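Accompanying notes for the structure given below.
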Amino acid sequence: MSSDLLALDRTRHLVPGARPDAGATTTEPSPGVDDTAHMAQVAPSSDRESDRESDRESDRESDRESDRESDPASAPHWPALDGLRGLAVAGVVAYHLGWISGGFLGVDLFFALSGFLITTLLVREHRSTGGIDLLAFWGRRFRRLLPAVMALIAGVLVWLAWFGTPAEQATARGDARWAIPYLANWHLVSEARDYWAAATDASVFTHLWSLAIEEQFYVVWPVVAWWALRGRHGERRLARVTVVGFVASALAMVLLAGGASQSRVYLGTDTRAAALFVGALVALNPVHRRLRALSVFRPRRAERLVLGIGVLLAVSWAIGGDHLDVLLRGGLLLHSTLAALAIGLIAVAGSGGRSIRQLERPWLTWLGRRSYGIYLWHWPVIVLAEPRWTALPAPVLDLAMIALSLALAECSYRLLEHPIRRRAGWAAGSRATWATVAVTVLAVAAAVAAPSGEGHVAEFVFVAPAAPAAATPAPSSTDSAAPTGASDDPTQMRPSPPEALTVGPTADSAAAPDDPTTVVGGAVAAGVGTATSLPPTLRQPPAPTHTAAQVLWIGDSVAADLAPALAAAFASAGVTWIDAAGDGLRLTPGGGVDPIELYSRVLAEHTYDTVVVQLSYWDSPADLDQLRSSLGWFRDQVRARGAELVLVTPPPVRDDLVDPGLARQIEVAAELVAAGEGHVHLVDSTPAWGPTMAFDIDGDGAPDRKPDGVHVCPQGAARFAAWLVGDLGIRFAGIAVAPPNTWVAGDWTSSERYDTPVGACVAVG
């Protein structure tokens, strides 16, 4: 995160890098301090601190001298806040590694820290000098923040120019151009990026959105503080402004949560500024004085309060990702407020409490002082290493990525951040400023000259899989000769003979049971129903009794990838194709989607006789009751209009993205089939895709799937379209199945979806 997120040292900055023993005591009062200030800021008394004091006294004295020369308003240093920063960055890394669901709340803690520490500096400078030198303040911020992040941007872009895929190059180049002026968060919002789909739509610079919010705050907040602190009762006036800002931001979050996407609420400066405002409020006299009084006169109560807040924050980090709607409708505000209270209590208590001393442990303060670099480097390492180090077992891969992130952060700290911030060593004097300018120019040049990664859709020669007669038994999905094994490496081919895939429905020699739910229920209980494949007895097509002339296609972004090929295939078969698929769409409520409102409108505004729905992993978190309610409502709406309903299982996804919740959807779909009197159909797509995800199914260099392991390229879309037209051509009358070579080479292959992100469907190998 930014400097203030990361450390508060005795220099002129609030930055990572200050030693926990440097300036643990102070003779200057903190913001909002009354005469009890000196009572609360006590010196460390442990033997360990004494030993470190002795060993490092000369360095500390040098630092103090540098501080006095550069900034008479330098702030006190709280070692426990270093530890808090260490916990925050550890939570973020753990979240990105998939260890805890709510670790992203560490960013919220960073925001509260930033608001507190920046306001502390501004108020102290005003008290010491009678004003705020805005240009000097911004200069210090730039020298602190720019070198490390600009070095990251330049370094990653150069690496990608040599070793990156076209898709990686394209997204990195575009995101870098917004990250450099600290507008990354609004770039993500403007592109309607789904932050929560980062596992399948990752960019090396996605994480810089939070630095953008902080830097925007650093530009505006000092001006507000400069204005508010003038005249009498300045701190009280600034506190009132801070409260107004917090309330406005909180209202924006709550109001937008009701209609905007979750990513818009999470990434917007207007909605996330509340955490910065509440941190700032704790640094100001009205609140700060009360926290100090509590710490001085009721130290045990203050200690219990810090401990209780710590427990609540820990629980929220462990389970927060499972309750995202709650967080975006006020939970983040509560988390920010609790975090700010803990920060304020830690600041006024010094090293007096047991829980606070735990935060001063050396390994935690070490992490905290390097948390800026760790935050900057860990995400590019994860994004670039995961698809390349696939041979490593998952635990070893995680440890390797952590070790590399720490090593890069240490290099950034020792060689760049610390010298420039201290104006020491190679960056002494004016060279610190010139170094900041130079590395910024280097990042801008890298962003301009970086490969565009301009993509093109790989050309392919479609080989239509041979279809057996409808009555010919087909092997079960577990015996299929379709591709096996999945890889996280998008460049790795998985050859498999095309004839292993069948166009048209498969059938099993055994008769279908009277109640399909019995079969699916048993499959789920046995753990079989977690893949996309169905039990063989549910893959037996009925005799055609329905004529399909107008087909409505519904689904999420994967279904939208398939739509261009399906439109071409069904047009050649003499069937009208209506596309109603879209990114993030689902049948159960969530993610800002109201299925009843959406599909009431969609079903009413089109004319059709058949509705084909591809099941979505977005619906997997729903429980059985919700699925029965939502799918049952949708079935009733379709049948009320006299149309047939076809439910198709989605293509398999990357191994690490498999969601067992799909089994519940299959179970409910089978119940609808059993009660549908022949008008509801459940179709297994395993014959088209194989039982596991493969990037290049037939090994011809033209990918079937995108590098994210979820979405689809033209060859995969053509493969699926040929299979589905054949399947429905056997189930329903009116579909004159045309040879794929009559439609597969059409303009549909140039759809923008197949080059989103840019380069996603270029040739592999």
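Ordering of the structure tokens sets the chain letters (A, B, ...), residue numbers begin anew at 1 in every chain, and ligands are numbered from 1 in the order given.
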
Next on the checklist: Considering only helix (DSSP H, G or I) as DSSP defines it on the backbone, what residues of range 143-196 of chain A qualify? List them as number ranges by chain.
Outcome noted: A: 143-163, 166-179, 184-190, 195-196

Next on the checklist: Need the shell around range 422-437 of chain A: protein/DNA/RNA residues with any atom at most 9 Å away, counting only C-alpha atoms. Skip same-chain ones fewer than 2 positions apart. Format as an MDAnalysis selection string?
Outcome noted: chainID A and resid 11 63 66:67 139 142:144 146:147 150 416:420 439:442

Item to check | Contact residues around Arg173 in chain A with only C-alpha atoms at 10 Å, ignoring same-chain residues under 3 positions, as a PyMOL selection string | outcome: chain A and resi 153+156-157+160-161+168-170+176-179+203-205+446-453

Give me a file of those residues, with C-alpha atoms, as a PDB file, in the first residue's frame.
ATOM      1  CA  ILE A 153       5.617  -0.742 -13.281  1.00  0.00           C
ATOM      2  CA  VAL A 156       7.103  -5.713 -14.829  1.00  0.00           C
ATOM      3  CA  LEU A 157       6.538  -4.150 -18.247  1.00  0.00           C
ATOM      4  CA  LEU A 160       6.458  -8.939 -19.955  1.00  0.00           C
ATOM      5  CA  ALA A 161       7.982  -7.516 -23.143  1.00  0.00           C
ATOM      6  CA  GLU A 168      -0.627 -10.233 -20.354  1.00  0.00           C
ATOM      7  CA  GLN A 169       1.148  -7.528 -22.357  1.00  0.00           C
ATOM      8  CA  ALA A 170      -2.068  -5.879 -23.493  1.00  0.00           C
ATOM      9  CA  ALA A 176      -0.051   0.874 -16.387  1.00  0.00           C
ATOM     10  CA  ARG A 177      -1.075   4.000 -18.240  1.00  0.00           C
ATOM     11  CA  TRP A 178      -3.814   4.570 -15.670  1.00  0.00           C
ATOM     12  CA  ALA A 179      -1.762   3.468 -12.676  1.00  0.00           C
ATOM     13  CA  SER A 203      -3.932  -8.217 -14.528  1.00  0.00           C
ATOM     14  CA  VAL A 204      -0.549  -7.633 -12.963  1.00  0.00           C
ATOM     15  CA  PHE A 205      -1.522  -4.082 -11.961  1.00  0.00           C
ATOM     16  CA  ALA A 446       8.029   1.686 -20.490  1.00  0.00           C
ATOM     17  CA  ALA A 447       4.266   2.166 -20.611  1.00  0.00           C
ATOM     18  CA  VAL A 448       4.532   3.984 -23.948  1.00  0.00           C
ATOM     19  CA  ALA A 449       6.988   1.565 -25.550  1.00  0.00           C
ATOM     20  CA  ALA A 450       5.626  -1.681 -24.099  1.00  0.00           C
ATOM     21  CA  PRO A 451       4.285  -4.223 -26.591  1.00  0.00           C
ATOM     22  CA  SER A 452       0.614  -3.639 -27.225  1.00  0.00           C
ATOM     23  CA  GLY A 453      -0.080  -7.345 -27.156  1.00  0.00           C
TER      24      GLY A 453
END

Next on the checklist: I want to know what sits within 10 Å of Leu229 in chain A, based on only C-alpha atoms, with residues of the same chain fewer than 2 positions away left out; could you give that as a PyMOL selection string?
Outcome noted: chain A and resi 122-123+126-127+130-132+224-227+231-239

Keeping N, CA, C and O atoms, export the residues of the selection given above as a tab-separated table (two decimals), in the first residue's frame.
chain	number	residue	atom	x	y	z
A	122	LEU	N	-0.19	16.40	9.32
A	122	LEU	CA	-0.67	17.73	8.95
A	122	LEU	C	-0.94	18.59	10.19
A	122	LEU	O	-0.58	19.78	10.23
A	123	VAL	N	-1.58	17.99	11.19
A	123	VAL	CA	-1.90	18.76	12.40
A	123	VAL	C	-0.63	19.13	13.15
A	123	VAL	O	-0.48	20.25	13.66
A	126	HIS	N	1.07	22.00	11.45
A	126	HIS	CA	0.37	23.26	11.71
A	126	HIS	C	0.67	23.76	13.11
A	126	HIS	O	0.84	24.97	13.33
A	127	ARG	N	0.74	22.86	14.08
A	127	ARG	CA	1.04	23.28	15.45
A	127	ARG	C	2.46	23.81	15.59
A	127	ARG	O	2.72	24.75	16.34
A	130	GLY	N	2.62	26.88	12.47
A	130	GLY	CA	1.52	27.81	12.27
A	130	GLY	C	0.88	27.72	10.90
A	130	GLY	O	0.01	28.52	10.56
A	131	GLY	N	1.29	26.75	10.11
A	131	GLY	CA	0.71	26.58	8.78
A	131	GLY	C	1.11	25.24	8.20
A	131	GLY	O	1.76	24.43	8.85
A	132	ILE	N	0.71	25.01	6.95
A	132	ILE	CA	1.05	23.77	6.25
A	132	ILE	C	1.66	24.14	4.91
A	132	ILE	O	1.02	24.85	4.11
A	224	VAL	N	-7.76	20.65	2.25
A	224	VAL	CA	-8.88	20.79	3.19
A	224	VAL	C	-8.34	21.10	4.59
A	224	VAL	O	-8.87	21.99	5.29
A	225	ALA	N	-7.29	20.38	5.01
A	225	ALA	CA	-6.73	20.62	6.34
A	225	ALA	C	-6.14	22.03	6.44
A	225	ALA	O	-6.30	22.71	7.47
A	226	TRP	N	-5.44	22.47	5.39
A	226	TRP	CA	-4.87	23.83	5.38
A	226	TRP	C	-5.96	24.87	5.58
A	226	TRP	O	-5.78	25.83	6.33
A	227	TRP	N	-7.09	24.68	4.90
A	227	TRP	CA	-8.20	25.64	5.04
A	227	TRP	C	-8.85	25.56	6.42
A	227	TRP	O	-9.09	26.58	7.06
A	231	GLY	N	-7.15	29.87	11.81
A	231	GLY	CA	-7.99	30.55	12.80
A	231	GLY	C	-8.19	29.69	14.05
A	231	GLY	O	-7.59	28.64	14.25
A	232	ARG	N	-9.08	30.17	14.91
A	232	ARG	CA	-9.34	29.50	16.18
A	232	ARG	C	-10.18	28.24	15.96
A	232	ARG	O	-10.95	28.15	15.01
A	233	HIS	N	-10.03	27.31	16.86
A	233	HIS	CA	-10.79	26.05	16.85
A	233	HIS	C	-10.62	25.30	15.52
A	233	HIS	O	-11.56	24.70	15.00
A	234	GLY	N	-9.40	25.36	14.99
A	234	GLY	CA	-9.16	24.74	13.69
A	234	GLY	C	-9.37	23.23	13.70
A	234	GLY	O	-9.99	22.68	12.78
A	235	GLU	N	-8.87	22.57	14.76
A	235	GLU	CA	-9.04	21.11	14.80
A	235	GLU	C	-10.50	20.72	14.90
A	235	GLU	O	-10.94	19.74	14.31
A	236	ARG	N	-11.25	21.49	15.67
A	236	ARG	CA	-12.67	21.19	15.80
A	236	ARG	C	-13.37	21.37	14.45
A	236	ARG	O	-14.23	20.58	14.06
A	237	ARG	N	-12.97	22.42	13.71
A	237	ARG	CA	-13.55	22.63	12.39
A	237	ARG	C	-13.17	21.48	11.45
A	237	ARG	O	-14.01	20.98	10.70
A	238	LEU	N	-11.92	21.06	11.49
A	238	LEU	CA	-11.49	19.96	10.64
A	238	LEU	C	-12.19	18.66	11.02
A	238	LEU	O	-12.54	17.85	10.15
A	239	ALA	N	-12.46	18.48	12.31
A	239	ALA	CA	-13.20	17.29	12.74
A	239	ALA	C	-14.61	17.29	12.18
A	239	ALA	O	-15.12	16.24	11.74

Checklist outcome for this item: CA of Trp618 in chain A sits from CA of Arg586 in chain A at a separation of 6.1 Å

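Our summary of the geometry notes that CA of Ala400 in chain A is positioned 24.6 Å from CA of Asp82 in chain A.
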
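Going from CA of Trp99 in chain A over to CA of Asp398 in chain A, you cover 10.0 Å.
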
Checklist entry - If you run DSSP on the backbone, which residues of range 673-708 of chain A are strand (DSSP E), as a ChimeraX atom specification? => result /A:680-683

Quick one: write out the picked residues with N, CA, C and O atoms as a PDB file, in the first residue's frame?
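Contents of part_28.pdb, freshly written:
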ATOM      1  N   VAL A 680     -39.187 -30.260 -20.058  1.00  0.00           N
ATOM      2  CA  VAL A 680     -37.943 -29.746 -19.480  1.00  0.00           C
ATOM      3  C   VAL A 680     -36.857 -30.779 -19.757  1.00  0.00           C
ATOM      4  O   VAL A 680     -37.055 -31.976 -19.527  1.00  0.00           O
ATOM      5  N   HIS A 681     -35.717 -30.318 -20.242  1.00  0.00           N
ATOM      6  CA  HIS A 681     -34.657 -31.221 -20.679  1.00  0.00           C
ATOM      7  C   HIS A 681     -33.343 -30.816 -20.019  1.00  0.00           C
ATOM      8  O   HIS A 681     -33.029 -29.623 -19.915  1.00  0.00           O
ATOM      9  N   LEU A 682     -32.572 -31.798 -19.605  1.00  0.00           N
ATOM     10  CA  LEU A 682     -31.260 -31.572 -19.004  1.00  0.00           C
ATOM     11  C   LEU A 682     -30.217 -32.221 -19.906  1.00  0.00           C
ATOM     12  O   LEU A 682     -30.235 -33.429 -20.125  1.00  0.00           O
ATOM     13  N   VAL A 683     -29.313 -31.407 -20.448  1.00  0.00           N
ATOM     14  CA  VAL A 683     -28.363 -31.866 -21.456  1.00  0.00           C
ATOM     15  C   VAL A 683     -26.947 -31.769 -20.902  1.00  0.00           C
ATOM     16  O   VAL A 683     -26.541 -30.721 -20.399  1.00  0.00           O
TER      17      VAL A 683
END

Next on the checklist: With only C-alpha atoms as the counted atoms, please give the residues lying no more than 6 Å from Ser685 in chain A, apart from itself and same-chain residues fewer than 2 positions off, as a PyMOL selection string.
Outcome noted: chain A and resi 649+687-688

Mind writing the picked residues with N, CA and C atoms as a PDB file, in the first residue's frame?
ATOM      1  N   THR A 649     -25.368 -28.159 -19.067  1.00  0.00           N
ATOM      2  CA  THR A 649     -24.283 -27.999 -18.097  1.00  0.00           C
ATOM      3  C   THR A 649     -23.170 -27.153 -18.703  1.00  0.00           C
ATOM      4  N   PRO A 687     -19.799 -34.452 -23.732  1.00  0.00           N
ATOM      5  CA  PRO A 687     -19.344 -34.915 -25.048  1.00  0.00           C
ATOM      6  C   PRO A 687     -18.681 -33.822 -25.879  1.00  0.00           C
ATOM      7  N   ALA A 688     -19.014 -32.574 -25.637  1.00  0.00           N
ATOM      8  CA  ALA A 688     -18.398 -31.481 -26.396  1.00  0.00           C
ATOM      9  C   ALA A 688     -17.055 -31.065 -25.816  1.00  0.00           C
TER      10      ALA A 688
END

Checklist entry - Near range 319-324 of chain A, within 10 Å and counting only C-alpha atoms, which residues show up once chain neighbours fewer than 5 positions away are dropped, as a VMD selection string? => result chain A and resid 95 100 to 105 196 262 313 to 314 329 331 to 332 590 to 591 621

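Between Leu341 in chain A and the candidates A:Gln637, A:Ser295, A:Ser405, A:Gln614, the tightest atom-to-atom separation, counting only C-alpha atoms, involves A:Ser295.
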
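Closest approach to Thr756 in chain A from the set A:Pro79, A:Leu117, A:Pro707, A:Phe163 is made by A:Pro707, with distances taken over only C-alpha atoms.
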
Using only C-alpha atoms, which residues sit within 9 Å of Tyr266 in chain A once same-chain residues fewer than 6 positions away are excluded, as a compact mmCIF listing (two decimals) with C-alpha atoms, in the first residue's frame?
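Wrote it out as around_11.txt, contents follow:
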# COMPACT_ATOMS: atom_id res chain seq x y z
CA TYR A 195 -12.79 -7.16 -9.19
CA MET A 253 -21.65 3.24 -0.46
CA ARG A 272 -14.07 3.98 0.01
CA LEU A 328 -20.92 -3.52 0.89

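Among the candidates A:Pro362, A:Asp655, A:Gly678, A:Glu671, the residue lying nearest to Thr390 in chain A is A:Asp655 (atoms considered: only C-alpha atoms).
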
Determine, for each residue of range 104-177 of chain A having at least one atom at most 9 Å from an atom of range 367-387 of chain A, the closest pair of atoms and their separation in Å to one decimal, counting only C-alpha atoms; order by chain and ascending number, as CSV.
residue,atom,partner,partner_atom,distance
A:Leu145,CA,A:Tyr372,CA,9.0
A:Ala148,CA,A:Gly373,CA,7.1
A:Val149,CA,A:Leu376,CA,6.8
A:Leu152,CA,A:Leu376,CA,7.2
A:Val156,CA,A:Pro380,CA,7.7
A:Gly164,CA,A:Leu384,CA,8.4
A:Glu168,CA,A:Leu384,CA,8.8
